[in-house]
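A.B. asks: Take this structure first; my questions come after.
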Amino acid sequence: MELSAILLQVLNGLDKGSAYALIALGLTLIFGTLGVVNFAHGALFMIGAFCAVTTQRLLSISTITIDETKTDFLGKPLQIKTPIVESWFGESVGQALIDWSVPLAILLTIPVMLIIGFVMERGLIKHFYKRPHSDQILVTFGLAIVLQELIKAYFGANQIPAPAPSVFIGSFDFGALIGMDAGKLLYPYWRIVYFCFALLIIGLVFAFLQFTTFGMVVRAGMADRETVGLLGIDIDKRFTIMFGIAAAVAGLAGVMYTPINSPSYTFGTDFLVISFVVVVVGGMGSLGGAVLAGFVLGILESFASMRQVIEFIPGINQVVIYLVAIVILLVRPRGLLGRKGVMES
Amino acid sequence: MLGLSRNDFLMLLLVLFLVAAAPILLNPFPEGSSLAQFNAGYPDLMQRFLIFGIFAVGFNILFGLTGYLSFGHAAFLGAGSYAGVWMLKLLTINVIPAILMSTIVAGVFSLLIGYISLRRSGIYFSILTLAFAQMSFALASSVLQPITGGETGLQTNLNDPRILDGANTSGNIPAPSLFGFEMRESIQVPMGDWLWTFNVGYYVCAFVLLIAFYIAIRIFRSPFGMMLKAVKSNNERLSYTGINPRPYTLAAFVISGMYAGLAGGLMVAMDPLAGSERMQWTASGEVVLMTILGGVGTVLGPVIGAGIIKYFENIFSKINDNMLQSWFAFMPDGLESFMVAVVHPFVGKGWHLSLGLMFMLAIIFLPGGLIGGIDSVYRRIFKKRAQ
């Protein structure tokens, strides 16, 4: 096996791994702060992706003018569609805005996801703190179905493409960069962007928790909620905000993933099951573990889908993540970086 | 009676009556009337009531008694289905070996998965079973294609060997039967405006359900059932009394897996086609929903839950916009189209939305399920009278 083939698999694993890491990070934040197992997290990822679709549609709203002098191929007067943004900002800026609709969607995603997160926590999850974990799983599972179906009712069941800005179309030649034959190690620009974006978000979340007073209080609350509450701090309010942030992280992971894979209403479910596995492998309640396990499993999955490996063990690409999870759960139930005693009974 | 207390025996009789008379009871609206679309008395749907009833009763033996929430039971149903189709293909078109084999294969499969998964409890157990089920699903739809037929599914063919019957190469593909009675055969009895359909397959399912239900009652009331309830209420204390709870939970897991396999076997006995989508985790979620909606830990609840969900699945998904317009026709035009627009997302292709909402409402407001809800209402009335 050549070095370039191995490198290619590592690179291929990074973008999926980034998505796993971001979703798992949000799940762990919710579990670590509120102790709730959120099965609706995949749906939040999916809603984020549909924020990109919405932004694209909003920017493409057009006014129709009829040019009587020309006719279209049916012989009717030609209709000219002009997107409103073009008439507002001029043609070149308007087209650039439409072209950049996916990155611009971030601006829409953050407030939308924060609001959804707050409403979800205050309206529903709050009432489930004292109920058993199985009830929490089930109610969020039901919520996930509802959110999915609402999106399906509005956007339809088909995949909706949301392309990356045209600047990022094409691939970057890693092979040439490190002195190998050109063309052997191609990697799409957008996936590089996605990976960097994921690192940025992860960095921001960790910095927020590590270097701000708010983050310090939240970490204290994760360690001992009761004592922090007795110190006169309204920890519930802060945890609600953390829920909103976790939802926003999932939404951002979704919005930037749309150019890699066109979203449909089932977008989240595929990621959800695997993200749970990621959380468990990383260690319940361990933020670093979730990120680490996300990338490790993403890369592992991409190695398992190599032709040579599949020829050796057929079907391994489909099951490798679950196999790892089963082994980890049986051998080291607290996960890679989990604290001792968390959910270990 | 039959080793049951008086109340349980009455419940069994009630189920016997409901199941036997279902083709009549479920067809309350005359044929051809505008309400006839709400009739549930056609064989295909009634068979599904019973089959999913068996599935849910079995699931309840694990979840209701021990509290272990499995998110992978659809895998056992799927495995049972495949085993059943293979028996129909290889041995005989008679359904009895198929149903037996489904149960056995699912039992072995669940023994394997249960042995590993039960090393953990709580959320870890749920995720382990989920991982195993997703693995089975992924393998069944890809690599195991020679055994499972992949995504198109596995079905009986004209030139299957069928060792006992002998292969036939002409005519139609034989339908699953029980000693010559084909499962799809029905007797239709017109009675005034009503049309009652008595289907062979349905009564085979009914017979199996009654046995499965009887066994479930016996398990619930047995010392073994008490032990399982002890696992649920305090596993730790149970181990301190010197009892190893794992063999008991494993037994419950295998029994519920066998119920799932039995349901899968009946499914292919009614319609000899097994697809991998049966093993998907949303299918596992559905059986959880049936159990919860009916009432976790009650004997009768899961059957009722299964019936309600399958009914809504069929009826809701059949309603289209024309029907909605005719219902709201009495309203002024603007209001009519508004009402149609409001109801539209919940019916037809969108019935999953209603399902999700029903699911959430059941968990939020009825933690004890329908049976628990009826029980508490009954108690409240009774208490008031006593005062």
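Simple scheme: letters A, B, ... for chains in structure tokens order, numbers from 1 for residues in each chain, numbers from 1 for ligands in the order shown.
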Quick one: everything within 7 Å of range 33-46 of chain A, counting only C-alpha atoms, minus sequence neighbours fewer than 6 positions away in the same chain. Send it as a VMD selection string.
C.D. replies: chain A and resid 27 133 136 to 137 140 to 141 143 to 144 147 to 148 222 239 247 250 to 251 253 to 254 265 267 to 269 271 to 272
A.B. asks: Store the residues picked out above, limited to N, CA and C atoms, as a short mmCIF file (atom, residue, chain, number, x, y, z; two decimals), in the first residue's frame.
C.D. replies:
data_model
loop_
_atom_site.label_atom_id
_atom_site.label_comp_id
_atom_site.auth_asym_id
_atom_site.auth_seq_id
_atom_site.Cartn_x
_atom_site.Cartn_y
_atom_site.Cartn_z
N LEU A 27 -23.68 16.84 21.90
CA LEU A 27 -24.34 15.83 22.71
C LEU A 27 -23.71 15.75 24.10
N HIS A 133 -33.75 8.01 32.43
CA HIS A 133 -33.08 8.23 31.14
C HIS A 133 -33.90 7.71 29.98
N GLN A 136 -36.30 10.22 28.80
CA GLN A 136 -35.64 11.31 28.07
C GLN A 136 -35.32 10.87 26.65
N ILE A 137 -34.78 9.65 26.53
CA ILE A 137 -34.47 9.13 25.20
C ILE A 137 -35.73 9.12 24.35
N THR A 140 -37.22 12.67 23.35
CA THR A 140 -36.42 13.35 22.33
C THR A 140 -36.48 12.59 21.01
N PHE A 141 -36.61 11.26 21.08
CA PHE A 141 -36.80 10.47 19.86
C PHE A 141 -38.09 10.91 19.16
N LEU A 143 -39.53 13.82 19.50
CA LEU A 143 -39.31 15.17 19.00
C LEU A 143 -38.54 15.13 17.68
N ALA A 144 -37.57 14.22 17.59
CA ALA A 144 -36.79 14.11 16.36
C ALA A 144 -37.71 13.75 15.19
N LEU A 147 -39.70 16.92 14.27
CA LEU A 147 -38.90 17.93 13.56
C LEU A 147 -38.63 17.49 12.12
N GLN A 148 -38.26 16.21 11.97
CA GLN A 148 -38.00 15.67 10.64
C GLN A 148 -39.21 15.82 9.74
N MET A 222 -21.04 21.46 36.09
CA MET A 222 -20.96 20.09 35.58
C MET A 222 -20.38 19.17 36.64
N PHE A 239 -27.20 26.61 32.26
CA PHE A 239 -27.29 25.34 31.54
C PHE A 239 -28.23 25.47 30.33
N ALA A 247 -26.98 23.28 20.65
CA ALA A 247 -27.84 23.22 19.46
C ALA A 247 -27.21 24.00 18.32
N ALA A 250 -24.44 22.02 16.69
CA ALA A 250 -24.99 21.01 15.76
C ALA A 250 -25.48 21.68 14.48
N GLY A 251 -26.15 22.84 14.62
CA GLY A 251 -26.66 23.53 13.45
C GLY A 251 -25.54 23.99 12.53
N ALA A 253 -22.56 22.67 12.31
CA ALA A 253 -22.01 21.47 11.65
C ALA A 253 -22.85 21.12 10.44
N GLY A 254 -24.18 21.28 10.57
CA GLY A 254 -25.07 20.92 9.47
C GLY A 254 -25.00 21.91 8.33
N TYR A 265 -34.57 15.32 4.55
CA TYR A 265 -35.06 15.34 5.93
C TYR A 265 -34.48 14.22 6.78
N PHE A 267 -31.35 13.60 6.87
CA PHE A 267 -29.94 13.97 6.98
C PHE A 267 -29.37 13.66 8.36
N GLY A 268 -30.16 13.91 9.38
CA GLY A 268 -29.64 13.81 10.74
C GLY A 268 -29.54 12.40 11.29
N THR A 269 -30.50 11.55 10.91
CA THR A 269 -30.56 10.22 11.55
C THR A 269 -29.30 9.42 11.34
N PHE A 271 -26.35 10.47 11.00
CA PHE A 271 -25.29 10.97 11.86
C PHE A 271 -25.59 10.72 13.32
N LEU A 272 -26.87 10.71 13.68
CA LEU A 272 -27.22 10.63 15.09
C LEU A 272 -26.72 9.34 15.73
#
A.B. asks: Could you list the residues in chain A lying within 10 Å of chain B, using only C-alpha atoms, and format the result as an NGL selection string?
C.D. replies: :A and (37 or 124 or 127-128 or 131-150 or 152-154 or 269 or 273-274 or 276-277 or 280 or 284 or 314-327 or 329-330 or 333-334 or 343-345)
A.B. asks: Show which residues sit within 9 Å of Ile64 in chain A, as a list of chain:residue names. Count only C-alpha atoms, and ignore same-chain residues fewer than 5 positions away.
C.D. replies: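 The contact residues come out as A:Gln79, A:Ile80, A:Lys81, A:Thr82, A:Pro83.
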A.B. asks: Just to be explicit: take each residue in the selection above, keep C-alpha atoms, and write the result as an mmCIF file, in the first residue's frame.
C.D. replies:
data_model
loop_
_atom_site.group_PDB
_atom_site.id
_atom_site.type_symbol
_atom_site.label_atom_id
_atom_site.label_comp_id
_atom_site.auth_asym_id
_atom_site.auth_seq_id
_atom_site.Cartn_x
_atom_site.Cartn_y
_atom_site.Cartn_z
ATOM 1 C CA GLN A 79 -39.754 36.725 -18.567
ATOM 2 C CA ILE A 80 -36.627 38.056 -16.954
ATOM 3 C CA LYS A 81 -36.059 37.063 -13.346
ATOM 4 C CA THR A 82 -33.992 39.477 -11.346
ATOM 5 C CA PRO A 83 -33.101 38.453 -7.802
#
A.B. asks: Which parts of range 53-269 of chain B does DSSP call strand (DSSP E or B) when run on the backbone here, written out as a ChimeraX atom specification?
C.D. replies: /B:94,154-155,177-178,181-182,186-191,194-199
A.B. asks: Would you mind telling me which residue in A:Ile328, A:Leu185, A:Ile192, A:Val53 lies nearest to Ile6 in chain A when using only C-alpha atoms?
C.D. replies: A:Leu185
A.B. asks: How many Å separate CA of Ile30 in chain A from CA of Met242 in chain A?
C.D. replies: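 A separation of 7.3 Å between them.
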A.B. asks: Take CA of Phe214 in chain A and CA of Ala19 in chain A and report the distance between them in Å, one decimal.
C.D. replies: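 Distance between the two atoms: 26.1 Å.
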A.B. asks: Just the number, please: distance in Å from CA of Pro28 in chain B to CA of Ser317 in chain B, one decimal.
C.D. replies: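 Pair CA of Pro28 in chain B / CA of Ser317 in chain B returns 20.0 Å.
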A.B. asks: Residues within 7 Å of Phe198 in chain B, please, as a JSON list (two decimals) with C-alpha atoms, in the first residue's frame. Count only C-alpha atoms; anything in the same chain fewer than 5 positions from it doesn't count.
C.D. replies:
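around_8.json, written as the output of this step:
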[["chain", "number", "residue", "atom", "x", "y", "z"],
["B", 23, "PRO", "CA", -63.63, -8.97, 11.67],
["B", 186, "SER", "CA", -60.98, -15.49, 2.95],
["B", 187, "ILE", "CA", -64.68, -16.07, 3.36],
["B", 188, "GLN", "CA", -66.74, -12.97, 2.76]]
A.B. asks: Give me every alpha helix (DSSP H) residue in range 49-86 of chain B, going by DSSP on the backbone, as JSON, numbers by chain.
C.D. replies: {"B": [49, 50, 51, 52, 53, 54, 55, 56, 57, 58, 59, 60, 61, 62, 63, 64, 65, 66, 73, 74, 75, 76, 77, 78, 79, 80, 81, 82, 83, 84, 85, 86]}
A.B. asks: Taking N, CA and C atoms for each residue, export the selection above as an mmCIF file, in the first residue's frame.
C.D. replies:
data_model
loop_
_atom_site.group_PDB
_atom_site.id
_atom_site.type_symbol
_atom_site.label_atom_id
_atom_site.label_comp_id
_atom_site.auth_asym_id
_atom_site.auth_seq_id
_atom_site.Cartn_x
_atom_site.Cartn_y
_atom_site.Cartn_z
ATOM 1 N N PHE B 49 -52.256 -5.998 13.153
ATOM 2 C CA PHE B 49 -52.591 -5.744 14.559
ATOM 3 C C PHE B 49 -52.020 -6.854 15.432
ATOM 4 N N LEU B 50 -52.329 -8.091 15.029
ATOM 5 C CA LEU B 50 -51.963 -9.219 15.885
ATOM 6 C C LEU B 50 -50.459 -9.439 15.893
ATOM 7 N N ILE B 51 -49.842 -9.348 14.706
ATOM 8 C CA ILE B 51 -48.407 -9.613 14.618
ATOM 9 C C ILE B 51 -47.626 -8.603 15.447
ATOM 10 N N PHE B 52 -47.966 -7.317 15.286
ATOM 11 C CA PHE B 52 -47.256 -6.321 16.080
ATOM 12 C C PHE B 52 -47.659 -6.402 17.543
ATOM 13 N N GLY B 53 -48.865 -6.889 17.795
ATOM 14 C CA GLY B 53 -49.248 -7.144 19.178
ATOM 15 C C GLY B 53 -48.322 -8.154 19.819
ATOM 16 N N ILE B 54 -48.035 -9.236 19.112
ATOM 17 C CA ILE B 54 -47.114 -10.248 19.635
ATOM 18 C C ILE B 54 -45.737 -9.644 19.861
ATOM 19 N N PHE B 55 -45.271 -8.880 18.887
ATOM 20 C CA PHE B 55 -43.965 -8.226 18.977
ATOM 21 C C PHE B 55 -43.905 -7.357 20.238
ATOM 22 N N ALA B 56 -44.951 -6.551 20.440
ATOM 23 C CA ALA B 56 -44.946 -5.620 21.569
ATOM 24 C C ALA B 56 -45.083 -6.353 22.903
ATOM 25 N N VAL B 57 -45.884 -7.404 22.937
ATOM 26 C CA VAL B 57 -46.014 -8.180 24.175
ATOM 27 C C VAL B 57 -44.645 -8.732 24.570
ATOM 28 N N GLY B 58 -43.927 -9.239 23.583
ATOM 29 C CA GLY B 58 -42.598 -9.781 23.852
ATOM 30 C C GLY B 58 -41.630 -8.710 24.308
ATOM 31 N N PHE B 59 -41.675 -7.559 23.636
ATOM 32 C CA PHE B 59 -40.790 -6.460 24.006
ATOM 33 C C PHE B 59 -41.051 -6.027 25.442
ATOM 34 N N ASN B 60 -42.324 -6.063 25.813
ATOM 35 C CA ASN B 60 -42.721 -5.646 27.150
ATOM 36 C C ASN B 60 -42.177 -6.581 28.225
ATOM 37 N N ILE B 61 -41.969 -7.854 27.866
ATOM 38 C CA ILE B 61 -41.400 -8.776 28.854
ATOM 39 C C ILE B 61 -40.008 -8.308 29.244
ATOM 40 N N LEU B 62 -39.264 -7.768 28.276
ATOM 41 C CA LEU B 62 -37.943 -7.235 28.609
ATOM 42 C C LEU B 62 -38.045 -5.840 29.231
ATOM 43 N N PHE B 63 -38.648 -4.904 28.488
ATOM 44 C CA PHE B 63 -38.634 -3.502 28.917
ATOM 45 C C PHE B 63 -39.555 -3.274 30.112
ATOM 46 N N GLY B 64 -40.740 -3.841 30.059
ATOM 47 C CA GLY B 64 -41.703 -3.611 31.119
ATOM 48 C C GLY B 64 -41.295 -4.247 32.433
ATOM 49 N N LEU B 65 -40.717 -5.448 32.367
ATOM 50 C CA LEU B 65 -40.399 -6.132 33.619
ATOM 51 C C LEU B 65 -39.022 -5.760 34.147
ATOM 52 N N THR B 66 -38.008 -5.750 33.268
ATOM 53 C CA THR B 66 -36.656 -5.513 33.776
ATOM 54 C C THR B 66 -36.216 -4.065 33.639
ATOM 55 N N HIS B 73 -34.591 -4.347 18.857
ATOM 56 C CA HIS B 73 -35.410 -5.545 18.719
ATOM 57 C C HIS B 73 -35.856 -5.831 17.294
ATOM 58 N N ALA B 74 -35.836 -4.811 16.455
ATOM 59 C CA ALA B 74 -36.225 -5.049 15.064
ATOM 60 C C ALA B 74 -35.273 -6.033 14.401
ATOM 61 N N ALA B 75 -34.037 -6.092 14.878
ATOM 62 C CA ALA B 75 -33.081 -7.029 14.284
ATOM 63 C C ALA B 75 -33.563 -8.467 14.447
ATOM 64 N N PHE B 76 -34.192 -8.766 15.598
ATOM 65 C CA PHE B 76 -34.665 -10.137 15.829
ATOM 66 C C PHE B 76 -35.864 -10.443 14.944
ATOM 67 N N LEU B 77 -36.723 -9.434 14.796
ATOM 68 C CA LEU B 77 -37.857 -9.613 13.886
ATOM 69 C C LEU B 77 -37.361 -9.875 12.469
ATOM 70 N N GLY B 78 -36.340 -9.112 12.070
ATOM 71 C CA GLY B 78 -35.792 -9.292 10.735
ATOM 72 C C GLY B 78 -35.160 -10.671 10.566
ATOM 73 N N ALA B 79 -34.359 -11.061 11.564
ATOM 74 C CA ALA B 79 -33.702 -12.366 11.479
ATOM 75 C C ALA B 79 -34.749 -13.471 11.394
ATOM 76 N N GLY B 80 -35.809 -13.340 12.200
ATOM 77 C CA GLY B 80 -36.888 -14.326 12.153
ATOM 78 C C GLY B 80 -37.544 -14.364 10.779
ATOM 79 N N SER B 81 -37.754 -13.190 10.197
ATOM 80 C CA SER B 81 -38.375 -13.137 8.873
ATOM 81 C C SER B 81 -37.541 -13.892 7.850
ATOM 82 N N TYR B 82 -36.219 -13.633 7.854
ATOM 83 C CA TYR B 82 -35.364 -14.306 6.874
ATOM 84 C C TYR B 82 -35.407 -15.813 7.069
ATOM 85 N N ALA B 83 -35.316 -16.244 8.340
ATOM 86 C CA ALA B 83 -35.348 -17.681 8.608
ATOM 87 C C ALA B 83 -36.655 -18.273 8.101
ATOM 88 N N GLY B 84 -37.761 -17.549 8.325
ATOM 89 C CA GLY B 84 -39.061 -18.043 7.887
ATOM 90 C C GLY B 84 -39.127 -18.207 6.380
ATOM 91 N N VAL B 85 -38.661 -17.201 5.646
ATOM 92 C CA VAL B 85 -38.719 -17.291 4.184
ATOM 93 C C VAL B 85 -37.857 -18.458 3.701
ATOM 94 N N TRP B 86 -36.700 -18.633 4.329
ATOM 95 C CA TRP B 86 -35.844 -19.748 3.893
ATOM 96 C C TRP B 86 -36.523 -21.088 4.119
#
A.B. asks: What's the 12 Å shell around Pro190 in chain B, counting only C-alpha atoms, without same-chain residues fewer than 6 positions away, as a JSON list (two decimals) with N, CA and C atoms, in the first residue's frame?
C.D. replies:
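Done, and the output landed in out_21.json:
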[["chain", "number", "residue", "atom", "x", "y", "z"],
["B", 24, "ILE", "N", -65.79, -8.58, 12.72],
["B", 24, "ILE", "CA", -67.11, -7.96, 12.81],
["B", 24, "ILE", "C", -67.02, -6.62, 13.53],
["B", 27, "ASN", "N", -65.52, -3.56, 11.70],
["B", 27, "ASN", "CA", -66.21, -3.05, 10.52],
["B", 27, "ASN", "C", -67.54, -2.41, 10.91],
["B", 30, "PRO", "N", -71.19, 0.73, 7.44],
["B", 30, "PRO", "CA", -71.68, -0.05, 6.30],
["B", 30, "PRO", "C", -70.81, 0.17, 5.07],
["B", 31, "GLU", "N", -70.73, -0.88, 4.27],
["B", 31, "GLU", "CA", -69.96, -0.82, 3.02],
["B", 31, "GLU", "C", -70.50, 0.29, 2.13],
["B", 196, "TRP", "N", -68.42, -8.74, 6.01],
["B", 196, "TRP", "CA", -67.45, -9.24, 6.96],
["B", 196, "TRP", "C", -66.49, -10.20, 6.25],
["B", 197, "THR", "N", -65.20, -10.03, 6.50],
["B", 197, "THR", "CA", -64.21, -10.88, 5.86],
["B", 197, "THR", "C", -63.51, -11.74, 6.92],
["B", 198, "PHE", "N", -63.68, -13.04, 6.79],
["B", 198, "PHE", "CA", -63.00, -13.95, 7.72],
["B", 198, "PHE", "C", -61.84, -14.59, 6.97]]
A.B. asks: Pick out the residues sitting within 10 Å of Val231 in chain B, and hand them over as a list in words; count only C-alpha atoms, and ignore anything fewer than 2 positions along from it in its own chain.
C.D. replies: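 Using only C-alpha atoms, the neighbours found are Leu65, Thr66, Gly67, Tyr68, Gly225, Met226, Met227, Leu228, Lys229, Ser233, Asn234, Asn235, Glu236, Arg237, Leu238, Ser239, Pro245, Arg246, Tyr248 and Thr249 of chain B.
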A.B. asks: What does the file look like for those residues with C-alpha atoms, as an mmCIF file, in the first residue's frame?
C.D. replies:
data_model
loop_
_atom_site.group_PDB
_atom_site.id
_atom_site.type_symbol
_atom_site.label_atom_id
_atom_site.label_comp_id
_atom_site.auth_asym_id
_atom_site.auth_seq_id
_atom_site.Cartn_x
_atom_site.Cartn_y
_atom_site.Cartn_z
ATOM 1 C CA LEU B 65 -40.399 -6.132 33.619
ATOM 2 C CA THR B 66 -36.656 -5.513 33.776
ATOM 3 C CA GLY B 67 -36.520 -1.876 32.635
ATOM 4 C CA TYR B 68 -33.766 -2.601 30.098
ATOM 5 C CA GLY B 225 -41.509 -12.540 36.620
ATOM 6 C CA MET B 226 -41.187 -11.349 40.222
ATOM 7 C CA MET B 227 -37.438 -11.703 39.891
ATOM 8 C CA LEU B 228 -37.469 -9.589 36.746
ATOM 9 C CA LYS B 229 -39.489 -6.914 38.514
ATOM 10 C CA SER B 233 -36.829 -1.808 40.996
ATOM 11 C CA ASN B 234 -33.397 -2.333 42.516
ATOM 12 C CA ASN B 235 -30.760 -4.303 40.724
ATOM 13 C CA GLU B 236 -28.071 -3.541 43.277
ATOM 14 C CA ARG B 237 -30.050 -4.724 46.259
ATOM 15 C CA LEU B 238 -30.883 -7.895 44.379
ATOM 16 C CA SER B 239 -27.202 -8.650 43.878
ATOM 17 C CA PRO B 245 -29.490 -11.109 38.181
ATOM 18 C CA ARG B 246 -27.847 -11.591 34.803
ATOM 19 C CA TYR B 248 -32.708 -13.752 34.664
ATOM 20 C CA THR B 249 -32.315 -10.672 32.491
#
